[in-house]
file input05.txt (compact mmCIF, C-alpha atoms)
# COMPACT_ATOMS: atom_id res chain seq x y z
CA MET A 8 109.85 -75.13 22.92
CA ALA A 9 109.65 -78.79 22.14
CA ALA A 10 113.15 -79.18 20.72
CA GLU A 11 116.08 -80.18 22.93
CA PRO A 12 117.59 -77.48 25.17
CA LEU A 13 121.22 -78.08 24.14
CA LEU A 14 120.31 -78.04 20.45
CA ASN A 15 118.39 -74.81 21.03
CA GLN A 16 121.36 -73.31 22.84
CA LEU A 17 123.59 -74.19 19.91
CA ILE A 18 121.18 -72.65 17.39
CA GLU A 19 120.95 -69.53 19.54
CA ALA A 20 124.73 -69.29 19.95
CA LEU A 21 125.31 -69.58 16.19
CA ARG A 22 123.20 -66.47 15.68
CA CYS A 23 126.04 -64.33 17.02
CA LEU A 24 127.59 -64.78 13.56
CA PRO A 25 126.77 -61.93 11.16
CA GLY A 26 124.14 -62.74 8.53
CA VAL A 27 122.98 -65.88 10.33
CA GLY A 28 119.24 -65.89 11.07
CA PRO A 29 117.18 -68.58 12.81
CA LYS A 30 116.87 -70.80 9.73
CA SER A 31 120.57 -70.73 8.83
CA ALA A 32 121.55 -71.28 12.46
CA GLN A 33 119.30 -74.34 12.55
CA ARG A 34 120.79 -75.69 9.34
CA MET A 35 124.33 -75.09 10.61
CA ALA A 36 123.67 -76.78 13.96
CA LEU A 37 122.13 -79.86 12.33
CA HIS A 38 124.82 -80.03 9.67
CA LEU A 39 127.55 -80.06 12.32
CA LEU A 40 125.73 -82.61 14.48
CA GLU A 41 124.83 -84.92 11.64
CA ARG A 42 127.86 -84.66 9.41
CA ASN A 43 130.83 -82.83 10.88
CA ARG A 44 131.29 -83.09 14.63
CA GLU A 45 135.06 -82.97 14.27
CA GLY A 46 134.83 -79.71 12.36
CA GLY A 47 132.57 -78.34 15.07
CA LEU A 48 135.03 -79.24 17.81
CA ARG A 49 137.92 -77.80 15.84
CA LEU A 50 135.96 -74.58 15.26
CA ALA A 51 135.28 -74.37 19.01
CA SER A 52 138.94 -74.69 19.98
CA VAL A 53 140.14 -72.19 17.36
CA LEU A 54 137.38 -69.79 18.43
CA VAL A 55 138.50 -69.86 22.07
CA GLU A 56 142.13 -69.36 21.13
CA ALA A 57 141.35 -66.54 18.69
CA MET A 58 138.95 -64.69 21.00
CA GLN A 59 141.43 -64.82 23.86
CA LYS A 60 144.74 -64.24 22.08
CA ILE A 61 144.10 -61.97 19.11
CA GLY A 62 144.77 -58.34 19.94
CA ARG A 63 146.04 -55.30 18.09
CA CYS A 64 149.43 -54.83 16.44
CA LYS A 65 151.36 -52.15 18.36
CA GLN A 66 152.54 -50.57 15.17
CA CYS A 67 149.68 -50.72 12.66
CA ARG A 68 146.66 -51.55 14.86
CA ASP A 69 145.74 -54.57 12.72
CA LEU A 70 144.41 -57.75 14.34
CA THR A 71 147.15 -60.14 15.44
CA GLU A 72 147.96 -62.58 18.21
CA LEU A 73 151.54 -61.22 18.25
CA GLU A 74 152.81 -57.96 19.69
CA VAL A 75 153.74 -56.74 16.20
CA CYS A 76 151.85 -58.29 13.27
CA SER A 77 153.63 -60.35 10.66
CA ILE A 78 153.36 -57.61 8.03
CA CYS A 79 154.94 -54.98 10.27
CA ALA A 80 157.59 -57.44 11.44
CA SER A 81 158.49 -58.67 7.96
CA PRO A 82 161.86 -57.44 6.64
CA ARG A 83 160.55 -58.03 3.11
CA ARG A 84 157.88 -55.32 3.31
CA ASP A 85 158.80 -51.89 1.97
CA GLN A 86 159.09 -49.55 4.98
CA SER A 87 158.77 -46.48 2.77
CA LEU A 88 155.15 -47.20 1.74
CA LEU A 89 152.23 -46.90 4.16
CA CYS A 90 148.67 -47.70 3.20
CA ILE A 91 145.92 -46.33 5.44
CA VAL A 92 142.73 -48.40 5.66
CA GLU A 93 139.62 -48.25 7.81
CA SER A 94 139.39 -51.86 8.94
CA PRO A 95 141.24 -55.19 9.10
CA VAL A 96 138.99 -56.53 6.31
CA ASP A 97 140.50 -53.93 4.02
CA VAL A 98 144.00 -55.23 4.75
CA LEU A 99 142.87 -58.74 3.82
CA ALA A 100 141.17 -57.47 0.65
CA ILE A 101 144.24 -55.53 -0.51
CA GLU A 102 146.60 -58.41 0.34
CA GLN A 103 144.46 -60.82 -1.65
CA ALA A 104 143.90 -58.57 -4.67
CA THR A 105 147.13 -56.66 -5.14
CA ALA A 106 150.88 -57.11 -5.10
CA TYR A 107 151.32 -54.27 -2.58
CA LYS A 108 154.45 -54.84 -0.53
CA GLY A 109 154.41 -51.88 1.85
CA ARG A 110 153.01 -51.60 5.35
CA TYR A 111 149.53 -50.70 6.59
CA PHE A 112 147.94 -48.53 9.21
CA VAL A 113 144.47 -49.57 10.34
CA LEU A 114 142.25 -46.72 11.59
CA LEU A 115 139.57 -49.01 13.04
CA GLY A 116 136.88 -46.58 11.99
CA ARG A 117 136.51 -43.28 10.24
CA LEU A 118 136.18 -39.70 11.44
CA SER A 119 132.64 -39.20 12.66
CA PRO A 120 132.42 -36.36 15.19
CA LEU A 121 128.71 -36.94 15.78
CA ASP A 122 129.48 -40.47 17.02
CA GLY A 123 132.35 -39.17 19.11
CA ILE A 124 134.99 -40.62 16.81
CA GLY A 125 137.78 -38.09 16.42
CA PRO A 126 141.48 -38.31 15.49
CA ALA A 127 142.41 -39.82 18.88
CA GLU A 128 139.99 -42.75 18.47
CA LEU A 129 141.54 -43.56 15.08
CA GLY A 130 145.06 -43.62 16.50
CA LEU A 131 146.07 -40.61 14.43
CA ASP A 132 148.51 -39.41 17.13
CA GLN A 133 150.25 -42.77 16.75
CA LEU A 134 150.21 -42.29 12.97
CA ALA A 135 151.62 -38.76 13.35
CA GLU A 136 154.58 -40.17 15.30
CA GLN A 137 155.27 -42.61 12.49
CA LEU A 138 155.07 -39.82 9.90
CA GLU A 139 157.54 -37.71 11.89
CA GLN A 140 160.17 -40.42 11.67
CA ASN A 141 160.68 -39.36 8.04
CA THR A 142 161.08 -42.87 6.67
CA LEU A 143 158.00 -42.68 4.45
CA GLU A 144 158.11 -41.90 0.76
CA GLU A 145 154.46 -42.39 0.00
CA MET A 146 151.25 -42.58 1.97
CA ILE A 147 148.46 -44.42 0.13
CA ILE A 148 144.98 -43.57 1.34
CA ALA A 149 142.50 -46.41 0.87
CA THR A 150 139.57 -45.30 3.01
CA ASN A 151 136.11 -46.17 1.71
CA PRO A 152 134.59 -43.73 -0.79
CA THR A 153 131.80 -42.71 1.60
CA VAL A 154 131.20 -39.24 3.02
CA GLU A 155 132.94 -40.10 6.27
CA GLY A 156 135.70 -42.02 4.52
CA GLU A 157 136.36 -38.98 2.30
CA ALA A 158 136.44 -36.66 5.34
CA THR A 159 138.96 -38.99 6.94
CA SER A 160 140.93 -39.01 3.72
CA TYR A 161 141.18 -35.18 3.67
CA TYR A 162 142.37 -35.19 7.28
CA LEU A 163 145.04 -37.78 6.43
CA GLN A 164 146.11 -35.77 3.38
CA SER A 165 146.70 -32.69 5.50
CA MET A 166 148.71 -34.75 8.01
CA ALA A 167 150.97 -36.09 5.26
CA LYS A 168 151.39 -32.71 3.58
CA ALA A 169 152.47 -31.17 6.89
CA GLN A 170 155.37 -33.63 6.87
CA ASN A 171 156.04 -33.22 3.13
CA ILE A 172 155.16 -36.83 2.40
CA LYS A 173 153.77 -37.74 -1.01
CA VAL A 174 150.09 -38.75 -0.74
CA THR A 175 148.06 -40.87 -3.14
CA CYS A 176 144.48 -42.12 -3.05
CA ILE A 177 143.32 -45.34 -4.68
CA ALA A 178 141.30 -44.69 -7.86
CA HIS A 179 137.53 -44.48 -7.66
CA GLY A 180 135.36 -44.98 -10.73
CA VAL A 181 133.46 -47.51 -12.79
CA PRO A 182 134.43 -51.02 -11.59
CA LEU A 183 136.11 -53.32 -14.12
CA GLY A 184 133.60 -55.63 -15.74
CA GLY A 185 130.85 -53.19 -14.75
CA GLU A 186 128.57 -51.57 -17.28
CA LEU A 187 127.99 -47.83 -17.47
CA GLU A 188 124.26 -48.48 -17.69
CA TYR A 189 124.23 -50.10 -14.26
CA THR A 190 126.79 -47.87 -12.56
CA ASP A 191 125.24 -45.54 -9.98
CA GLN A 192 125.06 -41.87 -10.93
CA SER A 193 127.53 -40.52 -8.41
CA THR A 194 130.19 -43.07 -9.38
CA LEU A 195 129.68 -42.32 -13.06
CA ALA A 196 129.79 -38.54 -12.45
CA HIS A 197 133.00 -38.99 -10.46
CA ALA A 198 134.55 -41.19 -13.16
CA PHE A 199 133.60 -38.68 -15.84
CA GLY A 200 134.95 -35.72 -13.91
CA ARG A 201 138.24 -37.47 -13.17
CA ARG A 202 138.78 -38.72 -16.74
CA LEU A 203 142.43 -39.36 -17.58
CA LEU A 204 144.39 -38.19 -20.59
CA VAL A 205 145.31 -41.09 -22.89
CA ASP A 206 148.77 -40.66 -24.31
CA MET B 1 149.80 -65.54 3.24
CA ALA B 2 150.52 -62.24 4.83
CA ALA B 3 147.60 -62.29 7.27
CA GLU B 4 148.02 -63.64 10.78
CA PRO B 5 148.13 -67.43 11.23
CA LEU B 6 145.53 -67.55 14.03
CA LEU B 7 143.12 -65.32 12.13
CA ASN B 8 143.60 -67.55 9.08
CA GLN B 9 142.93 -70.63 11.17
CA LEU B 10 139.72 -69.08 12.45
CA ILE B 11 138.57 -68.17 8.93
CA GLU B 12 139.39 -71.69 7.76
CA ALA B 13 137.59 -73.31 10.71
CA LEU B 14 134.43 -71.25 10.13
CA ARG B 15 134.19 -72.75 6.65
CA CYS B 16 133.03 -76.04 8.15
CA LEU B 17 129.63 -74.33 8.48
CA PRO B 18 127.31 -75.01 5.54
CA GLY B 19 126.92 -72.13 3.09
CA VAL B 20 129.96 -70.28 4.44
CA GLY B 21 132.54 -69.48 1.76
CA PRO B 22 135.87 -67.67 2.14
CA LYS B 23 134.33 -64.18 2.10
CA SER B 24 131.61 -64.92 4.65
CA ALA B 25 134.07 -66.74 6.89
CA GLN B 26 136.33 -63.68 6.80
CA ARG B 27 133.44 -61.39 7.64
CA MET B 28 132.33 -63.65 10.51
CA ALA B 29 135.84 -63.90 11.98
CA LEU B 30 136.37 -60.15 11.91
CA HIS B 31 132.90 -59.44 13.24
CA LEU B 32 133.51 -61.69 16.25
CA LEU B 33 136.99 -60.27 16.88
CA GLU B 34 135.99 -56.66 16.51
CA ARG B 35 132.53 -56.64 18.01
CA ASN B 36 131.51 -59.78 19.83
CA ARG B 37 134.27 -61.73 21.54
CA GLU B 38 131.91 -62.83 24.29
CA GLY B 39 129.51 -64.29 21.75
CA GLY B 40 132.42 -66.10 20.13
CA LEU B 41 133.51 -67.64 23.43
CA ARG B 42 129.96 -68.63 24.25
CA LEU B 43 129.55 -70.22 20.82
CA ALA B 44 132.77 -72.17 21.39
CA SER B 45 131.66 -73.59 24.72
CA VAL B 46 128.17 -74.53 23.47
CA LEU B 47 129.74 -76.12 20.38
CA VAL B 48 132.00 -78.36 22.47
CA GLU B 49 129.15 -79.41 24.73
CA ALA B 50 126.77 -80.06 21.82
CA MET B 51 129.28 -81.98 19.69
CA GLN B 52 130.21 -84.20 22.62
CA LYS B 53 126.86 -84.74 24.32
CA ILE B 54 124.16 -84.74 21.66
CA GLY B 55 123.28 -88.23 20.52
CA ARG B 56 120.16 -90.02 19.30
CA CYS B 57 116.91 -90.54 21.17
CA LYS B 58 116.50 -94.28 21.89
CA GLN B 59 112.86 -94.17 20.93
CA CYS B 60 112.49 -91.80 17.96
CA ARG B 61 116.12 -91.42 16.75
CA ASP B 62 115.92 -87.62 16.93
CA LEU B 63 118.91 -85.58 18.10
CA THR B 64 119.07 -85.13 21.87
CA GLU B 65 121.57 -84.97 24.70
CA LEU B 66 119.25 -87.16 26.79
CA GLU B 67 118.62 -90.88 26.52
CA VAL B 68 115.01 -90.26 25.49
CA CYS B 69 114.24 -86.88 23.88
CA SER B 70 111.92 -84.39 25.52
CA ILE B 71 109.13 -85.04 23.01
CA CYS B 72 109.15 -88.82 23.58
CA ALA B 73 109.45 -88.32 27.35
CA SER B 74 106.65 -85.77 27.58
CA PRO B 75 103.41 -87.07 29.14
CA ARG B 76 101.58 -84.29 27.30
CA ARG B 77 102.28 -85.70 23.83
CA ASP B 78 99.66 -87.94 22.29
CA GLN B 79 101.08 -91.49 22.25
CA SER B 80 98.54 -92.61 19.66
CA LEU B 81 99.91 -90.38 16.89
CA LEU B 82 103.26 -91.01 15.21
CA CYS B 83 104.70 -88.75 12.52
CA ILE B 84 107.48 -90.20 10.38
CA VAL B 85 110.05 -87.72 9.04
CA GLU B 86 113.34 -88.04 7.23
CA SER B 87 115.49 -85.74 9.32
CA PRO B 88 115.71 -83.78 12.59
CA VAL B 89 115.17 -80.54 10.61
CA ASP B 90 111.74 -81.82 9.68
CA VAL B 91 110.84 -82.25 13.36
CA LEU B 92 111.87 -78.66 14.03
CA ALA B 93 109.92 -77.44 11.00
CA ILE B 94 106.72 -79.27 12.01
CA GLU B 95 107.03 -78.19 15.65
CA GLN B 96 107.43 -74.57 14.60
CA ALA B 97 104.65 -74.55 11.99
CA THR B 98 101.94 -76.79 13.36
CA ALA B 99 100.08 -77.60 16.56
CA TYR B 100 100.89 -81.32 16.21
CA LYS B 101 100.97 -82.96 19.64
CA GLY B 102 101.89 -86.55 18.81
CA ARG B 103 105.30 -88.23 18.71
CA TYR B 104 107.85 -88.50 15.89
CA PHE B 105 110.04 -91.13 14.34
CA VAL B 106 113.13 -89.86 12.54
CA LEU B 107 114.37 -92.07 9.70
CA LEU B 108 117.68 -90.22 9.28
CA GLY B 109 117.53 -90.76 5.54
CA ARG B 110 115.28 -92.31 2.92
CA LEU B 111 115.26 -95.66 1.15
CA SER B 112 117.96 -95.64 -1.48
CA PRO B 113 119.11 -99.17 -2.35
CA LEU B 114 121.78 -97.89 -4.76
CA ASP B 115 123.44 -96.04 -1.88
CA GLY B 116 123.09 -99.08 0.37
CA ILE B 117 120.35 -97.49 2.45
CA GLY B 118 117.73 -100.13 3.18
CA PRO B 119 115.08 -100.57 5.90
CA ALA B 120 117.69 -101.50 8.53
CA GLU B 121 119.64 -98.24 8.05
CA LEU B 122 116.43 -96.26 8.58
CA GLY B 123 115.66 -98.04 11.84
CA LEU B 124 112.52 -99.60 10.36
CA ASP B 125 112.94 -102.75 12.52
CA GLN B 126 112.79 -100.45 15.53
CA LEU B 127 109.71 -98.77 14.03
CA ALA B 128 108.09 -102.16 13.40
CA GLU B 129 108.48 -103.03 17.09
CA GLN B 130 106.71 -99.81 18.00
CA LEU B 131 103.90 -100.52 15.52
CA GLU B 132 103.43 -104.01 16.99
CA GLN B 133 102.72 -102.57 20.42
CA ASN B 134 99.26 -101.60 19.09
CA THR B 135 99.16 -98.23 20.83
CA LEU B 136 99.03 -96.24 17.58
CA GLU B 137 95.85 -94.91 16.06
CA GLU B 138 97.38 -92.99 13.21
CA MET B 139 100.70 -92.91 11.44
CA ILE B 140 101.37 -89.62 9.63
CA ILE B 141 103.93 -89.87 6.85
CA ALA B 142 105.80 -86.63 6.26
CA THR B 143 108.68 -87.76 4.07
CA ASN B 144 109.82 -85.31 1.41
CA PRO B 145 107.91 -85.42 -1.91
CA THR B 146 110.95 -86.65 -3.86
CA VAL B 147 111.26 -89.96 -5.70
CA GLU B 148 113.13 -91.57 -2.82
CA GLY B 149 110.88 -89.97 -0.24
CA GLU B 150 107.82 -91.36 -2.05
CA ALA B 151 109.37 -94.84 -2.23
CA THR B 152 110.03 -94.65 1.52
CA SER B 153 106.46 -93.50 2.02
CA TYR B 154 105.05 -96.56 0.18
CA TYR B 155 107.21 -98.86 2.28
CA LEU B 156 105.95 -97.20 5.48
CA GLN B 157 102.35 -97.42 4.28
CA SER B 158 102.68 -101.19 3.77
CA MET B 159 104.21 -101.57 7.25
CA ALA B 160 101.29 -99.71 8.84
CA LYS B 161 98.67 -101.56 6.84
CA ALA B 162 100.14 -104.88 7.92
CA GLN B 163 99.36 -103.84 11.52
CA ASN B 164 95.96 -102.34 10.61
CA ILE B 165 97.05 -98.85 11.59
CA LYS B 166 95.46 -95.87 9.87
CA VAL B 167 97.98 -94.10 7.63
CA THR B 168 97.91 -90.51 6.39
CA CYS B 169 100.31 -88.50 4.27
CA ILE B 170 100.70 -84.73 4.53
CA ALA B 171 99.13 -82.91 1.56
CA HIS B 172 101.26 -82.00 -1.43
CA GLY B 173 100.20 -79.29 -3.85
CA VAL B 174 100.48 -75.61 -4.67
CA PRO B 175 102.03 -73.78 -1.66
CA LEU B 176 99.88 -71.13 0.05
CA GLY B 177 100.75 -67.67 -1.21
CA GLY B 178 102.21 -69.28 -4.34
CA GLU B 179 100.99 -68.47 -7.81
CA LEU B 180 99.95 -71.12 -10.33
CA GLU B 181 102.02 -69.36 -12.97
CA TYR B 182 105.22 -69.95 -11.00
CA THR B 183 104.40 -73.41 -9.63
CA ASP B 184 106.47 -76.15 -11.23
CA GLN B 185 104.65 -78.44 -13.65
CA SER B 186 104.79 -81.62 -11.61
CA THR B 187 103.43 -79.93 -8.50
CA LEU B 188 100.63 -78.35 -10.50
CA ALA B 189 99.79 -81.64 -12.23
CA HIS B 190 99.76 -83.37 -8.84
CA ALA B 191 97.56 -80.65 -7.31
CA PHE B 192 95.18 -80.85 -10.26
CA GLY B 193 94.96 -84.64 -10.17
CA ARG B 194 94.31 -84.69 -6.41
CA ARG B 195 91.68 -81.92 -6.45
CA LEU B 196 89.24 -82.06 -3.53
CA LEU B 197 85.48 -81.92 -3.60
CA VAL B 198 84.19 -78.70 -2.05
CA ASP B 199 81.06 -79.32 -0.04
call {"tool": "encode", "arguments": {"input": "input05.txt", "output": "structure tokens"}}
result
Amino acid sequence: MAAEPLLNQLIEALRCLPGVGPKSAQRMALHLLERNREGGLRLASVLVEAMQKIGRCKQCRDLTELEVCSICASPRRDQSLLCIVESPVDVLAIEQATAYKGRYFVLLGRLSPLDGIGPAELGLDQLAEQLEQNTLEEMIIATNPTVEGEATSYYLQSMAKAQNIKVTCIAHGVPLGGELEYTDQSTLAHAFGRRLLVD
Amino acid sequence: MAAEPLLNQLIEALRCLPGVGPKSAQRMALHLLERNREGGLRLASVLVEAMQKIGRCKQCRDLTELEVCSICASPRRDQSLLCIVESPVDVLAIEQATAYKGRYFVLLGRLSPLDGIGPAELGLDQLAEQLEQNTLEEMIIATNPTVEGEATSYYLQSMAKAQNIKVTCIAHGVPLGGELEYTDQSTLAHAFGRRLLVD
């Protein structure tokens, strides 16, 4: 390679980011070097701190640099509502889109016996302990509507029913602003089958 | 915000990268935290080193952590060929696409009097010194085919002619693999006007 070793190293290192190929990495490296060295240095220091300090919340398994994440620790969150999600991204998405004020439980995956992911890997024993404390009024299941997500959902439903806790699932159907014409068949079939009575 | 401060800081810091909006930054942060902490730490250390050490080559103004970049310092590069480009990305692009074995001169911009960018800002006095040394046989102009790039090209052509140095410009026209139907009008008109005799 004719280009400079350190520049090459930077381009290579940037490719650890998801969705960043050789061309984007090159553009990013040159952008930082030519226009935003301060931003680059700041990114580096935050990266080190985040990679070293961020762990899992003891209670909900979400990403946090604290022992218990700020949502679990907050006295303003409703302790009687628990929303189960697959990943930390889902927590961010729900926080940004909704006014939900309960707590979360992050599975960090979905049931997938073929990949060796069973209830233990998803922290479901930890969840069972929380359900046994009898403080929950409603468990909201927000796993992804995929085959494995649905399987996980059924497992969670049976766990909640065993403790007589009310279970709900977030609604699946045609997205708002979407058009029936462009909605995939399985979504449309699901939406049609689960049509609601208008009163 | 309900999410964790350090995670938020990381998402915010990642947005200094070009083309990275809030959603991509979120995805990148979670990807690094969940799957590639080592890559994140490595990126951080390379970033610090690059931001602090990479400067400009004394001879060609390209980005390098050395005093003189590896292309200028290489005894295997042809000292009689000089390719003028606008930016370090152009050097990378030419190195990756062609078998060019001469040296480069990086303008770091293009003539744009309205923005206060004149010959001095582009290091053209430095280039003039190099032209006066009479070691050049050919100057290859590879500025971008934009209005400002063309103006810069004319200026460079007059500089080379004053020293009796042969000047060439890279060809502009319909891109290979492109279709005439989808080629923009000005490119097609240019390609048509500059048609070559087939012998």
call {"tool": "interface_residues", "arguments": {"input": "input05.txt", "of": "chain B", "to": "chain A", "cutoff": "6 Å", "atoms": "only C-alpha atoms", "output": "ChimeraX atom specification"}}
result
/B:4,10,13,16-18,28,37,39,41,43-44,46-48,51,64
call {"tool": "residues_around", "arguments": {"input": "input05.txt", "residues": "range 189-204 of chain A", "least_positions_apart": "3", "cutoff": "9 Å", "atoms": "only C-alpha atoms", "output": "list in words"}}
result
His179, Gly180, Val181, Pro182, Gly185 and Glu186 of chain A
call {"tool": "atom_distance", "arguments": {"input": "input05.txt", "atom1": "CA of Asp85 in chain A", "atom2": "CA of Gly125 in chain A"}}
result
29.0 Å
call {"tool": "atom_distance", "arguments": {"input": "input05.txt", "atom1": "CA of Ile117 in chain B", "atom2": "CA of Leu136 in chain B"}}
result
26.2 Å
call {"tool": "atom_distance", "arguments": {"input": "input05.txt", "atom1": "CA of Thr142 in chain A", "atom2": "CA of Met166 in chain A"}}
result
14.9 Å
call {"tool": "axis_aligned_box", "arguments": {"input": "input05.txt", "around": "range 152-166 of chain A", "padding_each_side": "3 Å", "output": "JSON"}}
result
{"center_x": 140.0, "center_y": -38.2, "center_z": 3.6, "size_x": 23.5, "size_y": 17.0, "size_z": 14.8}
call {"tool": "closest_residue", "arguments": {"input": "input05.txt", "among": "A:Ala149, A:Leu163, A:Leu89, A:Ala104", "to": "Pro126 in chain A", "atoms": "only C-alpha atoms"}}
result
A:Leu163
call {"tool": "closest_residue", "arguments": {"input": "input05.txt", "among": "A:Gly184, A:Gly116, A:Pro29, A:Gly109", "to": "Ala80 in chain A", "atoms": "all atoms listed in the file"}}
result
A:Gly109
call {"tool": "closest_residue", "arguments": {"input": "input05.txt", "among": "A:Cys90, A:Leu138, A:Val113, A:Met146", "to": "Val174 in chain A", "atoms": "only C-alpha atoms"}}
result
A:Met146
call {"tool": "build_atoms", "arguments": {"input": "input05.txt", "residues": "range 134-145 of chain B", "atoms": "N, CA and C atoms", "output": "short mmCIF file (atom, residue, chain, number, x, y, z; two decimals), in the frame of the given file"}}
result
data_model
loop_
_atom_site.label_atom_id
_atom_site.label_comp_id
_atom_site.auth_asym_id
_atom_site.auth_seq_id
_atom_site.Cartn_x
_atom_site.Cartn_y
_atom_site.Cartn_z
N ASN B 134 100.70 -101.87 19.21
CA ASN B 134 99.26 -101.60 19.09
C ASN B 134 98.76 -100.39 19.88
N THR B 135 99.62 -99.42 20.11
CA THR B 135 99.16 -98.23 20.83
C THR B 135 98.84 -97.10 19.85
N LEU B 136 99.18 -97.31 18.57
CA LEU B 136 99.03 -96.24 17.58
C LEU B 136 97.65 -96.24 16.96
N GLU B 137 97.11 -95.04 16.79
CA GLU B 137 95.85 -94.91 16.06
C GLU B 137 96.08 -94.38 14.66
N GLU B 138 97.12 -93.58 14.52
CA GLU B 138 97.38 -92.99 13.21
C GLU B 138 98.87 -92.81 13.00
N MET B 139 99.32 -93.15 11.80
CA MET B 139 100.70 -92.91 11.44
C MET B 139 100.68 -91.86 10.34
N ILE B 140 101.37 -90.72 10.59
CA ILE B 140 101.37 -89.62 9.63
C ILE B 140 102.71 -89.63 8.91
N ILE B 141 102.67 -89.82 7.60
CA ILE B 141 103.93 -89.87 6.85
C ILE B 141 104.25 -88.48 6.32
N ALA B 142 105.40 -87.97 6.70
CA ALA B 142 105.80 -86.63 6.26
C ALA B 142 107.19 -86.67 5.62
N THR B 143 107.42 -87.72 4.81
CA THR B 143 108.68 -87.76 4.07
C THR B 143 108.63 -86.69 2.98
N ASN B 144 109.79 -86.35 2.44
CA ASN B 144 109.82 -85.31 1.41
C ASN B 144 109.22 -85.83 0.11
N PRO B 145 108.52 -84.96 -0.64
CA PRO B 145 107.91 -85.42 -1.91
C PRO B 145 108.92 -85.54 -3.03
#
